[in-house]
Amino acid sequence: MRRWKLTGLFATVVIVLTIPFYLLKITVIRPQKEKVSVQPITEFVGSKKCLDCHKKEYDKWLDSHHDLAMDVANEKTVLGDFANAVFEMHGVTSRFYQKDSRYFVLTRGPEGEMGEFEITHTFGWYPLQQYLVPFPGGRWQCLPIAWDVEEKKWYHLYPDAPPDYKDWLYWTNAGQNWNGMCAECHSTNLKKNYDPPSDTYQTTWSDIDVGCEACHGPGSRHVSWAELPDMARPQVENYELVVKTSQLGSRALVELCAPCHARRAALGDYTHAEHDLLDSLLPSLLTENLYFPDGQILEEVYVYGSFTQSKMYHRDVRCSDCHDVHSVKLLKEGNDLCLQCHRAGEYDTKRHHFHKKKGEEGEPIKSSDGKMLFEVGTGADCVQCHMPGRKYMVIDYRPDHSIRIPRPDLSTKLTTPNACNRCHVDKTDKWSDEWITKWYGPGRRPHYATVIEAGRKRLPEARKELIRLVGDPLYPVIVRATAIGLLEAYPGDDTTQAFKTALVDDEALICRTAIDRLSLGDEKALARVIGPFLYHPVKAVRMEAALRLAGSPAKQLSSDQQEIFRAALHEFERSMEYSADFASGRYNLGNLYTALNRPEEAIRNYEAAIRIDDLFYPAKVNMAMLYNERGDNDRAEVLLREVVEAFPKVYEVSYSLGLLIAEMKQYAEAAEFLDSAAKGLPKRHRIQYNLGLVLQYLKRNAEAEAALRGALERAPDNMDYLYALADHYIKRGQLEKAEHIARQMVAKHPDRPMGHQLLKSLMRHLHDE
């Protein structure tokens, strides 16, 4: 016991001592750094300015995917067939044609009505090309019919079920809006310039494509320096370029690419002056909707989150070790790319990959209908086993950059994909695992996939392993941050300590995630623990600290902290206004104004979120909660019913609706929603408890007893559940059963008088009988 107390004391001391030192680094060192970094204004000058001195690099870049990322639609840039080409799908006939050298499409538009739309810009080059259509308010929208460059034909990006015109993803709505969804990574010096009050854009760029300054930053000072005679050029840092791009380690170079090649939430326009990646964006974690539990790609995530999981990244392998940074092409073809580092005599051999090489006799793998899937020799390619990919936008194949060893054993347990069965479509995961065992032996290293999957399912055994994962610096940062997010479902002293330890981690993503998920019931404690992070040098961390303290917790801050809190909160507000063309941005503003007790502004932003995306149910749920707090239960009920109707398997909302209409005394229907929630969330014993109370009121006694007993079985020490079941038996006249429960109350909670009083009363009544 003494050792435990000492451990707790030391942990507290580490936190208490670390934070003030951290403040010292921030408040003293950082302002000096900022003073040094304030230089004469540098401006964007355009890629053509680079040609005279950097012709070799410029020629490589010319006609690259970066150069062709976006362009004005003309005879040189348009790949699609506009010679009165017809495309039919799901009963809609679209036609592509030209008029006076301009490009048009006749297709379904706003409200699902047919109309003629001019195409003004191309978007992308290979394997598909999309097209942009201008709309009022400065909007450009991405047409959902794209050109397949290989097959030379039109195809639909949603071939199975094109979105309804009311859907956020419909091509004239926000989900296909170029300004907010695509523009920042297809043009240089992109300024979105979205104005929330008018709901309009004035988007600008310096180069229409991904030019030199997209990576090197604004180049005017560099050009001025370079235009001086050789002997007159002063010795300057980084040739007067804003961004250092050479002699970088893996992390620095990867983070140079990450502003575009990452699934992320942008915190504002990218300025190239950010000191940390999280000053400009917030990377997505390994969430269930984006990644498989082992970290393999599920949805479109753009490389960063995958590559930072890889052993290559942690061994200082950089993007430029495989890709030419100017042409964006691979440095070498086939296995020669990998053999730059890996020994050919060991790895490019049959005793390593156990597959035929190209040119050897064998049978290709075909589909059940005889279609060629993989030619003989495919299995000998390194990337086929270690970088299996997925197709996005129907035809765009993208390899998984986590560069992993095939693990069909995990597939048998977690239904994750594996490279073996990607090719051997007629075989089972078990078959693949047996061959892996035959070739490489039975040993399998533990993988964080099992912990992530258990955490996603909220299994009790995940608790200890998630805590271990959070605290182990040998795991990738994105994995540890994901574990912090999952740990939120396991409240307790041990998890609180894990969050507090994560707060002082050197990694901003881990620190920020811990601030987001830390739960402390005491507002004073929350201010004491999180307040110092208002001074953090990284924008995303400061903003999250301000958001957590918004409202009444901020009253616990010192006068000095109050000033920095207002500055950080302003940063958060500006960042969300930047993203106010997204439902999530408006939703976050609604949450902020709710915390600040500004309900009218909160409702206005929740309503805007719903207008942007009617299926973004978190905005409806939170607005319903706000209406409930204001006593307007009728409006709250309408919103929650809409969500339950649209998302019947989001059982949390069924639970909220059941509680709300029980409060409105609609008990019979409340029981239906609570029963649905209880079945959908069987481990949430509080739902069983509430269901039992409602059923008891409805005099459905057998069902009420079953629900109350179900809650108690899942949490046998819970005093509320014990008392509720005892009360149920008393009201039914089953005093002996009530006495049995009362004795459990006394045994499990000897210090609480309720159990003693109840038992004493029951004993007296039983004695009188």
# chains A, B, ... in the order shown; residues from 1 in each chain; ligands from 1
$ select_by_dssp --residues "range 282-400 of chain A" --states "alpha helix (DSSP H)" --output "list in words"
Tyr304, Gly305, Ser306, Phe307, Lys311, Met312, Tyr313, His314, Ala344, Gly345, Glu346, Tyr347, Lys350, Arg351, His352, His353, Cys382, Val383, Gln384, Cys385 and His386 of chain A
$ select_by_dssp --residues "range 99-338 of chain A" --states "strand (DSSP E)" --output "ChimeraX atom specification"
/A:99,102-108,114-119,121-123,128-135,139-142,145-148,153-156,194-195,200-201,264-266,281-283
$ write_last_selection --atoms "C-alpha atoms" --output "PDB file, in the first residue's frame"
ATOM      1  CA  LYS A  99     -20.270  25.022 -78.087  1.00  0.00           C
ATOM      2  CA  ARG A 102     -16.533  25.674 -74.514  1.00  0.00           C
ATOM      3  CA  TYR A 103     -17.460  22.467 -72.732  1.00  0.00           C
ATOM      4  CA  PHE A 104     -20.938  21.557 -71.511  1.00  0.00           C
ATOM      5  CA  VAL A 105     -22.875  18.741 -69.917  1.00  0.00           C
ATOM      6  CA  LEU A 106     -26.618  18.141 -69.873  1.00  0.00           C
ATOM      7  CA  THR A 107     -27.438  16.226 -66.713  1.00  0.00           C
ATOM      8  CA  ARG A 108     -29.347  16.280 -63.419  1.00  0.00           C
ATOM      9  CA  MET A 114     -32.176  18.273 -65.790  1.00  0.00           C
ATOM     10  CA  GLY A 115     -30.124  21.256 -66.907  1.00  0.00           C
ATOM     11  CA  GLU A 116     -27.204  22.462 -69.013  1.00  0.00           C
ATOM     12  CA  PHE A 117     -23.969  23.213 -67.140  1.00  0.00           C
ATOM     13  CA  GLU A 118     -20.736  24.679 -68.436  1.00  0.00           C
ATOM     14  CA  ILE A 119     -17.506  22.950 -67.448  1.00  0.00           C
ATOM     15  CA  HIS A 121     -11.897  23.465 -65.321  1.00  0.00           C
ATOM     16  CA  THR A 122     -10.339  20.027 -65.330  1.00  0.00           C
ATOM     17  CA  PHE A 123      -9.449  18.293 -62.105  1.00  0.00           C
ATOM     18  CA  LEU A 128      -9.457   9.574 -63.942  1.00  0.00           C
ATOM     19  CA  GLN A 129     -10.253  13.152 -64.767  1.00  0.00           C
ATOM     20  CA  GLN A 130     -13.013  15.124 -63.090  1.00  0.00           C
ATOM     21  CA  TYR A 131     -14.639  18.346 -64.193  1.00  0.00           C
ATOM     22  CA  LEU A 132     -15.676  21.497 -62.350  1.00  0.00           C
ATOM     23  CA  VAL A 133     -18.882  23.467 -62.860  1.00  0.00           C
ATOM     24  CA  PRO A 134     -19.246  27.057 -61.539  1.00  0.00           C
ATOM     25  CA  PHE A 135     -22.298  27.980 -59.443  1.00  0.00           C
ATOM     26  CA  ARG A 139     -18.883  27.852 -55.708  1.00  0.00           C
ATOM     27  CA  TRP A 140     -17.357  25.274 -58.024  1.00  0.00           C
ATOM     28  CA  GLN A 141     -18.852  21.807 -57.894  1.00  0.00           C
ATOM     29  CA  CYS A 142     -17.305  18.475 -58.934  1.00  0.00           C
ATOM     30  CA  ILE A 145     -19.496  11.620 -63.881  1.00  0.00           C
ATOM     31  CA  ALA A 146     -15.757  11.278 -64.514  1.00  0.00           C
ATOM     32  CA  TRP A 147     -13.581  10.182 -67.412  1.00  0.00           C
ATOM     33  CA  ASP A 148     -11.838   6.799 -67.144  1.00  0.00           C
ATOM     34  CA  LYS A 153     -15.190   6.088 -71.218  1.00  0.00           C
ATOM     35  CA  TRP A 154     -17.448   8.035 -68.885  1.00  0.00           C
ATOM     36  CA  TYR A 155     -18.389   6.459 -65.557  1.00  0.00           C
ATOM     37  CA  HIS A 156     -20.219   7.453 -62.378  1.00  0.00           C
ATOM     38  CA  TYR A 194     -15.448  31.506 -47.182  1.00  0.00           C
ATOM     39  CA  ASP A 195     -17.801  34.085 -45.660  1.00  0.00           C
ATOM     40  CA  THR A 200     -20.276  32.640 -50.302  1.00  0.00           C
ATOM     41  CA  TYR A 201     -16.697  32.037 -51.455  1.00  0.00           C
ATOM     42  CA  ARG A 264      -7.287  15.712 -41.678  1.00  0.00           C
ATOM     43  CA  ALA A 265      -9.289  18.633 -40.389  1.00  0.00           C
ATOM     44  CA  ALA A 266      -7.800  21.910 -41.628  1.00  0.00           C
ATOM     45  CA  LEU A 281      -4.237  20.611 -39.382  1.00  0.00           C
ATOM     46  CA  LEU A 282      -5.490  17.867 -37.119  1.00  0.00           C
ATOM     47  CA  PRO A 283      -4.740  14.371 -38.493  1.00  0.00           C
TER      48      PRO A 283
END
$ closest_residue --among "A:His216, A:Lys500, A:His261, A:Arg456" --to "Phe307 in chain A" --atoms "only C-alpha atoms"
A:His261
$ atom_distance --atom1 "CA of Asp433 in chain A" --atom2 "CA of Ser310 in chain A"
21.9 Å
$ atom_distance --atom1 "CA of Ser198 in chain A" --atom2 "CA of Asn597 in chain A"
24.9 Å
$ closest_residue --among "A:Ala738, A:Ala508, A:Ala527, A:Val303" --to "His275 in chain A" --atoms "only C-alpha atoms"
A:Ala508
$ closest_atom_pairs --of "range 252-367 of chain A" --to "range 394-418 of chain A" --cutoff "10 Å" --atoms "only C-alpha atoms" --output "Markdown table"
| residue | atom | partner | partner_atom | distance |
| --- | --- | --- | --- | --- |
| A:Tyr291 | CA | A:Thr416 | CA | 9.8 |
| A:Phe292 | CA | A:Thr416 | CA | 6.2 |
| A:Pro293 | CA | A:Thr416 | CA | 7.3 |
| A:Asp294 | CA | A:Thr416 | CA | 7.2 |
| A:Gly295 | CA | A:Ser402 | CA | 7.8 |
| A:Gln296 | CA | A:Asp400 | CA | 6.8 |
| A:Ile297 | CA | A:Asp400 | CA | 6.3 |
| A:Leu298 | CA | A:Pro417 | CA | 9.5 |
| A:Glu300 | CA | A:Arg398 | CA | 9.0 |
| A:Val301 | CA | A:Asp400 | CA | 9.7 |
| A:Tyr302 | CA | A:Arg398 | CA | 8.8 |
| A:Val303 | CA | A:His401 | CA | 5.9 |
| A:Tyr304 | CA | A:His401 | CA | 8.1 |
| A:Gly305 | CA | A:Ser402 | CA | 8.1 |
| A:Ser306 | CA | A:Ser402 | CA | 4.5 |
| A:Phe307 | CA | A:Ser402 | CA | 4.6 |
| A:Thr308 | CA | A:Ser402 | CA | 7.1 |
| A:Gln309 | CA | A:Ser402 | CA | 5.6 |
| A:Ser310 | CA | A:Ser402 | CA | 4.6 |
| A:Lys311 | CA | A:Ile403 | CA | 7.6 |
| A:Met312 | CA | A:Ile403 | CA | 7.6 |
| A:Tyr313 | CA | A:Ser402 | CA | 8.9 |
$ atom_distance --atom1 "CA of Leu659 in chain A" --atom2 "CA of Arg714 in chain A"
20.5 Å
$ residues_around --residues "Arg542 in chain A" --least-positions-apart "4" --cutoff "10 Å" --atoms "only C-alpha atoms" --output "JSON, numbers by chain"
{"A": [279, 512, 515, 530, 531, 532, 533, 534, 535, 536, 537, 538, 546, 547, 564, 565, 567, 568, 569, 571, 572]}
$ write_last_selection --atoms "N, CA and C atoms" --output "mmCIF file, in the first residue's frame"
data_model
loop_
_atom_site.group_PDB
_atom_site.id
_atom_site.type_symbol
_atom_site.label_atom_id
_atom_site.label_comp_id
_atom_site.auth_asym_id
_atom_site.auth_seq_id
_atom_site.Cartn_x
_atom_site.Cartn_y
_atom_site.Cartn_z
ATOM 1 N N ASP A 279 -0.197 22.903 -36.194
ATOM 2 C CA ASP A 279 -0.544 24.321 -36.301
ATOM 3 C C ASP A 279 -1.456 24.564 -37.494
ATOM 4 N N ARG A 512 -2.947 16.644 -27.293
ATOM 5 C CA ARG A 512 -4.233 17.216 -27.683
ATOM 6 C C ARG A 512 -5.377 16.213 -27.491
ATOM 7 N N ILE A 515 -6.238 15.926 -23.795
ATOM 8 C CA ILE A 515 -7.036 17.073 -23.339
ATOM 9 C C ILE A 515 -8.490 16.887 -23.748
ATOM 10 N N ILE A 530 -5.663 21.499 -17.025
ATOM 11 C CA ILE A 530 -5.660 21.863 -18.438
ATOM 12 C C ILE A 530 -5.219 23.309 -18.665
ATOM 13 N N GLY A 531 -5.417 24.171 -17.693
ATOM 14 C CA GLY A 531 -5.074 25.581 -17.845
ATOM 15 C C GLY A 531 -3.684 25.837 -18.406
ATOM 16 N N PRO A 532 -2.651 25.159 -17.915
ATOM 17 C CA PRO A 532 -1.303 25.421 -18.445
ATOM 18 C C PRO A 532 -1.151 25.178 -19.942
ATOM 19 N N PHE A 533 -2.020 24.350 -20.522
ATOM 20 C CA PHE A 533 -1.875 24.038 -21.942
ATOM 21 C C PHE A 533 -2.422 25.136 -22.842
ATOM 22 N N LEU A 534 -2.994 26.175 -22.233
ATOM 23 C CA LEU A 534 -3.350 27.353 -23.010
ATOM 24 C C LEU A 534 -2.106 28.053 -23.550
ATOM 25 N N TYR A 535 -0.962 27.762 -22.928
ATOM 26 C CA TYR A 535 0.315 28.358 -23.330
ATOM 27 C C TYR A 535 1.102 27.457 -24.291
ATOM 28 N N HIS A 536 0.536 26.355 -24.669
ATOM 29 C CA HIS A 536 1.262 25.380 -25.488
ATOM 30 C C HIS A 536 1.677 25.999 -26.824
ATOM 31 N N PRO A 537 2.854 25.656 -27.350
ATOM 32 C CA PRO A 537 3.304 26.266 -28.605
ATOM 33 C C PRO A 537 2.536 25.784 -29.836
ATOM 34 N N VAL A 538 1.775 24.693 -29.730
ATOM 35 C CA VAL A 538 1.083 24.130 -30.890
ATOM 36 C C VAL A 538 -0.389 24.546 -30.878
ATOM 37 N N ALA A 546 -8.598 25.453 -24.679
ATOM 38 C CA ALA A 546 -9.574 26.539 -24.543
ATOM 39 C C ALA A 546 -10.997 26.017 -24.638
ATOM 40 N N LEU A 547 -11.234 25.094 -25.572
ATOM 41 C CA LEU A 547 -12.580 24.543 -25.722
ATOM 42 C C LEU A 547 -13.015 23.793 -24.470
ATOM 43 N N ILE A 564 -4.857 34.704 -21.681
ATOM 44 C CA ILE A 564 -4.382 33.757 -22.690
ATOM 45 C C ILE A 564 -5.504 32.805 -23.101
ATOM 46 N N PHE A 565 -6.437 32.534 -22.188
ATOM 47 C CA PHE A 565 -7.602 31.710 -22.516
ATOM 48 C C PHE A 565 -8.439 32.381 -23.595
ATOM 49 N N ALA A 567 -7.479 34.476 -25.817
ATOM 50 C CA ALA A 567 -6.741 34.431 -27.088
ATOM 51 C C ALA A 567 -6.852 33.052 -27.733
ATOM 52 N N ALA A 568 -6.695 31.995 -26.930
ATOM 53 C CA ALA A 568 -6.782 30.634 -27.465
ATOM 54 C C ALA A 568 -8.201 30.320 -27.926
ATOM 55 N N LEU A 569 -9.189 30.804 -27.181
ATOM 56 C CA LEU A 569 -10.584 30.569 -27.571
ATOM 57 C C LEU A 569 -10.897 31.294 -28.879
ATOM 58 N N GLU A 571 -8.723 31.771 -31.228
ATOM 59 C CA GLU A 571 -8.126 30.918 -32.253
ATOM 60 C C GLU A 571 -9.079 29.797 -32.648
ATOM 61 N N PHE A 572 -9.679 29.155 -31.644
ATOM 62 C CA PHE A 572 -10.614 28.068 -31.925
ATOM 63 C C PHE A 572 -11.801 28.580 -32.731
#
$ residues_around --residues "Pro162 in chain A" --least-positions-apart "6" --cutoff "12 Å" --atoms "only C-alpha atoms" --output "MDAnalysis selection string"
chainID A and resid 89:92 108 112 144:145 155:156 168:171
$ closest_residue --among "A:Cys341, A:Leu79, A:Cys50, A:Leu190" --to "Val149 in chain A" --atoms "only C-alpha atoms"
A:Leu79
$ closest_residue --among "A:Tyr126, A:Trp205, A:Tyr440, A:Phe582" --to "Ser64 in chain A" --atoms "only C-alpha atoms"
A:Tyr126
$ residues_around --residues "Gly180 in chain A" --least-positions-apart "4" --cutoff "9 Å" --atoms "only C-alpha atoms" --output "PDB file with all heavy atoms, in the first residue's frame"
ATOM      1  N   ALA A 174     -22.697  20.389 -50.620  1.00  0.00           N
ATOM      2  CA  ALA A 174     -21.417  20.709 -49.982  1.00  0.00           C
ATOM      3  C   ALA A 174     -20.402  19.575 -50.054  1.00  0.00           C
ATOM      4  O   ALA A 174     -19.195  19.814 -50.066  1.00  0.00           O
ATOM      5  CB  ALA A 174     -21.649  21.113 -48.523  1.00  0.00           C
ATOM      6  N   GLY A 175     -20.867  18.328 -50.092  1.00  0.00           N
ATOM      7  CA  GLY A 175     -19.945  17.205 -50.113  1.00  0.00           C
ATOM      8  C   GLY A 175     -19.123  17.099 -51.375  1.00  0.00           C
ATOM      9  O   GLY A 175     -18.097  16.415 -51.406  1.00  0.00           O
ATOM     10  N   GLN A 176     -19.549  17.775 -52.450  1.00  0.00           N
ATOM     11  CA  GLN A 176     -18.807  17.779 -53.715  1.00  0.00           C
ATOM     12  C   GLN A 176     -18.392  19.198 -54.094  1.00  0.00           C
ATOM     13  O   GLN A 176     -18.174  19.495 -55.267  1.00  0.00           O
ATOM     14  CB  GLN A 176     -19.655  17.147 -54.825  1.00  0.00           C
ATOM     15  CG  GLN A 176     -20.082  15.729 -54.551  1.00  0.00           C
ATOM     16  CD  GLN A 176     -18.905  14.770 -54.466  1.00  0.00           C
ATOM     17  OE1 GLN A 176     -17.847  15.009 -55.041  1.00  0.00           O
ATOM     18  NE2 GLN A 176     -19.073  13.678 -53.739  1.00  0.00           N
ATOM     19  N   GLU A 184      -7.600  23.073 -51.744  1.00  0.00           N
ATOM     20  CA  GLU A 184      -6.337  23.387 -51.074  1.00  0.00           C
ATOM     21  C   GLU A 184      -5.194  22.478 -51.498  1.00  0.00           C
ATOM     22  O   GLU A 184      -4.024  22.840 -51.343  1.00  0.00           O
ATOM     23  CB  GLU A 184      -6.508  23.324 -49.550  1.00  0.00           C
ATOM     24  CG  GLU A 184      -6.849  21.953 -49.014  1.00  0.00           C
ATOM     25  CD  GLU A 184      -7.004  21.950 -47.503  1.00  0.00           C
ATOM     26  OE1 GLU A 184      -6.524  22.897 -46.856  1.00  0.00           O
ATOM     27  OE2 GLU A 184      -7.595  20.982 -46.970  1.00  0.00           O
ATOM     28  N   LYS A 192      -9.205  29.954 -49.239  1.00  0.00           N
ATOM     29  CA  LYS A 192     -10.606  29.564 -49.430  1.00  0.00           C
ATOM     30  C   LYS A 192     -11.538  30.764 -49.388  1.00  0.00           C
ATOM     31  O   LYS A 192     -12.470  30.867 -50.173  1.00  0.00           O
ATOM     32  CB  LYS A 192     -11.003  28.534 -48.374  1.00  0.00           C
ATOM     33  CG  LYS A 192     -12.435  28.026 -48.533  1.00  0.00           C
ATOM     34  CD  LYS A 192     -12.711  26.796 -47.701  1.00  0.00           C
ATOM     35  CE  LYS A 192     -12.739  27.033 -46.232  1.00  0.00           C
ATOM     36  NZ  LYS A 192     -13.257  25.873 -45.473  1.00  0.00           N
ATOM     37  N   TYR A 194     -14.013  31.767 -47.374  1.00  0.00           N
ATOM     38  CA  TYR A 194     -15.448  31.506 -47.182  1.00  0.00           C
ATOM     39  C   TYR A 194     -15.997  32.527 -46.193  1.00  0.00           C
ATOM     40  O   TYR A 194     -15.391  32.805 -45.159  1.00  0.00           O
ATOM     41  CB  TYR A 194     -15.672  30.097 -46.644  1.00  0.00           C
ATOM     42  CG  TYR A 194     -17.117  29.813 -46.283  1.00  0.00           C
ATOM     43  CD1 TYR A 194     -18.093  29.735 -47.278  1.00  0.00           C
ATOM     44  CD2 TYR A 194     -17.505  29.645 -44.955  1.00  0.00           C
ATOM     45  CE1 TYR A 194     -19.420  29.487 -46.964  1.00  0.00           C
ATOM     46  CE2 TYR A 194     -18.828  29.387 -44.628  1.00  0.00           C
ATOM     47  CZ  TYR A 194     -19.786  29.311 -45.636  1.00  0.00           C
ATOM     48  OH  TYR A 194     -21.098  29.072 -45.313  1.00  0.00           O
ATOM     49  N   SER A 579     -13.965  26.661 -41.150  1.00  0.00           N
ATOM     50  CA  SER A 579     -14.604  25.409 -41.570  1.00  0.00           C
ATOM     51  C   SER A 579     -16.127  25.471 -41.480  1.00  0.00           C
ATOM     52  O   SER A 579     -16.786  24.437 -41.457  1.00  0.00           O
ATOM     53  CB  SER A 579     -14.095  24.250 -40.697  1.00  0.00           C
ATOM     54  OG  SER A 579     -12.708  24.097 -40.851  1.00  0.00           O
ATOM     55  N   ASP A 581     -18.220  26.089 -43.600  1.00  0.00           N
ATOM     56  CA  ASP A 581     -18.922  25.535 -44.756  1.00  0.00           C
ATOM     57  C   ASP A 581     -19.116  24.033 -44.621  1.00  0.00           C
ATOM     58  O   ASP A 581     -19.711  23.407 -45.498  1.00  0.00           O
ATOM     59  CB  ASP A 581     -18.185  25.867 -46.057  1.00  0.00           C
ATOM     60  CG  ASP A 581     -16.705  25.508 -46.019  1.00  0.00           C
ATOM     61  OD1 ASP A 581     -16.151  25.330 -44.917  1.00  0.00           O
ATOM     62  OD2 ASP A 581     -16.090  25.409 -47.092  1.00  0.00           O
ATOM     63  N   PHE A 582     -18.611  23.455 -43.531  1.00  0.00           N
ATOM     64  CA  PHE A 582     -18.825  22.048 -43.198  1.00  0.00           C
ATOM     65  C   PHE A 582     -19.792  21.955 -42.020  1.00  0.00           C
ATOM     66  O   PHE A 582     -19.774  22.801 -41.119  1.00  0.00           O
ATOM     67  CB  PHE A 582     -17.514  21.367 -42.805  1.00  0.00           C
ATOM     68  CG  PHE A 582     -16.577  21.122 -43.942  1.00  0.00           C
ATOM     69  CD1 PHE A 582     -15.651  22.077 -44.319  1.00  0.00           C
ATOM     70  CD2 PHE A 582     -16.625  19.930 -44.656  1.00  0.00           C
ATOM     71  CE1 PHE A 582     -14.786  21.863 -45.374  1.00  0.00           C
ATOM     72  CE2 PHE A 582     -15.761  19.702 -45.713  1.00  0.00           C
ATOM     73  CZ  PHE A 582     -14.837  20.671 -46.080  1.00  0.00           C
TER      74      PHE A 582
END
$ residues_around --residues "Gly359 in chain A" --least-positions-apart "5" --cutoff "12 Å" --atoms "only C-alpha atoms" --output "PDB file with all heavy atoms, in the first residue's frame"
ATOM      1  N   PRO A 364      -2.520 -18.169 -64.164  1.00  0.00           N
ATOM      2  CA  PRO A 364      -2.917 -16.899 -63.547  1.00  0.00           C
ATOM      3  C   PRO A 364      -4.152 -17.095 -62.667  1.00  0.00           C
ATOM      4  O   PRO A 364      -4.856 -18.107 -62.795  1.00  0.00           O
ATOM      5  CB  PRO A 364      -3.224 -16.007 -64.742  1.00  0.00           C
ATOM      6  CG  PRO A 364      -3.642 -16.957 -65.821  1.00  0.00           C
ATOM      7  CD  PRO A 364      -2.822 -18.202 -65.606  1.00  0.00           C
ATOM      8  N   GLU A 375      -1.773 -11.888 -62.970  1.00  0.00           N
ATOM      9  CA  GLU A 375      -0.942 -12.678 -63.866  1.00  0.00           C
ATOM     10  C   GLU A 375       0.105 -13.460 -63.067  1.00  0.00           C
ATOM     11  O   GLU A 375       0.416 -13.132 -61.917  1.00  0.00           O
ATOM     12  CB  GLU A 375      -0.240 -11.757 -64.868  1.00  0.00           C
ATOM     13  CG  GLU A 375      -1.193 -11.050 -65.820  1.00  0.00           C
ATOM     14  CD  GLU A 375      -0.451 -10.146 -66.790  1.00  0.00           C
ATOM     15  OE1 GLU A 375       0.765  -9.920 -66.576  1.00  0.00           O
ATOM     16  OE2 GLU A 375      -1.081  -9.670 -67.751  1.00  0.00           O
ATOM     17  N   VAL A 376       0.674 -14.480 -63.706  1.00  0.00           N
ATOM     18  CA  VAL A 376       1.751 -15.249 -63.094  1.00  0.00           C
ATOM     19  C   VAL A 376       2.927 -14.298 -62.822  1.00  0.00           C
ATOM     20  O   VAL A 376       3.320 -13.517 -63.690  1.00  0.00           O
ATOM     21  CB  VAL A 376       2.204 -16.403 -64.006  1.00  0.00           C
ATOM     22  CG1 VAL A 376       3.403 -17.121 -63.411  1.00  0.00           C
ATOM     23  CG2 VAL A 376       1.052 -17.369 -64.238  1.00  0.00           C
ATOM     24  N   GLY A 377       3.460 -14.358 -61.634  1.00  0.00           N
ATOM     25  CA  GLY A 377       4.572 -13.493 -61.257  1.00  0.00           C
ATOM     26  C   GLY A 377       4.173 -12.331 -60.377  1.00  0.00           C
ATOM     27  O   GLY A 377       5.032 -11.675 -59.780  1.00  0.00           O
ATOM     28  N   THR A 378       2.869 -12.080 -60.275  1.00  0.00           N
ATOM     29  CA  THR A 378       2.408 -10.960 -59.443  1.00  0.00           C
ATOM     30  C   THR A 378       2.845 -11.138 -57.997  1.00  0.00           C
ATOM     31  O   THR A 378       3.263 -10.186 -57.336  1.00  0.00           O
ATOM     32  CB  THR A 378       0.874 -10.842 -59.513  1.00  0.00           C
ATOM     33  OG1 THR A 378       0.478 -10.638 -60.869  1.00  0.00           O
ATOM     34  CG2 THR A 378       0.374  -9.692 -58.665  1.00  0.00           C
ATOM     35  N   ALA A 380       5.416 -12.295 -56.719  1.00  0.00           N
ATOM     36  CA  ALA A 380       6.833 -12.067 -56.441  1.00  0.00           C
ATOM     37  C   ALA A 380       7.163 -10.588 -56.304  1.00  0.00           C
ATOM     38  O   ALA A 380       8.289 -10.232 -55.958  1.00  0.00           O
ATOM     39  CB  ALA A 380       7.693 -12.679 -57.542  1.00  0.00           C
TER      40      ALA A 380
END
$ residues_around --residues "Glu645 in chain A" --least-positions-apart "6" --cutoff "12 Å" --atoms "only C-alpha atoms" --output "VMD selection string"
chain A and resid 615 617 638 to 639 651 653 to 654 657 673
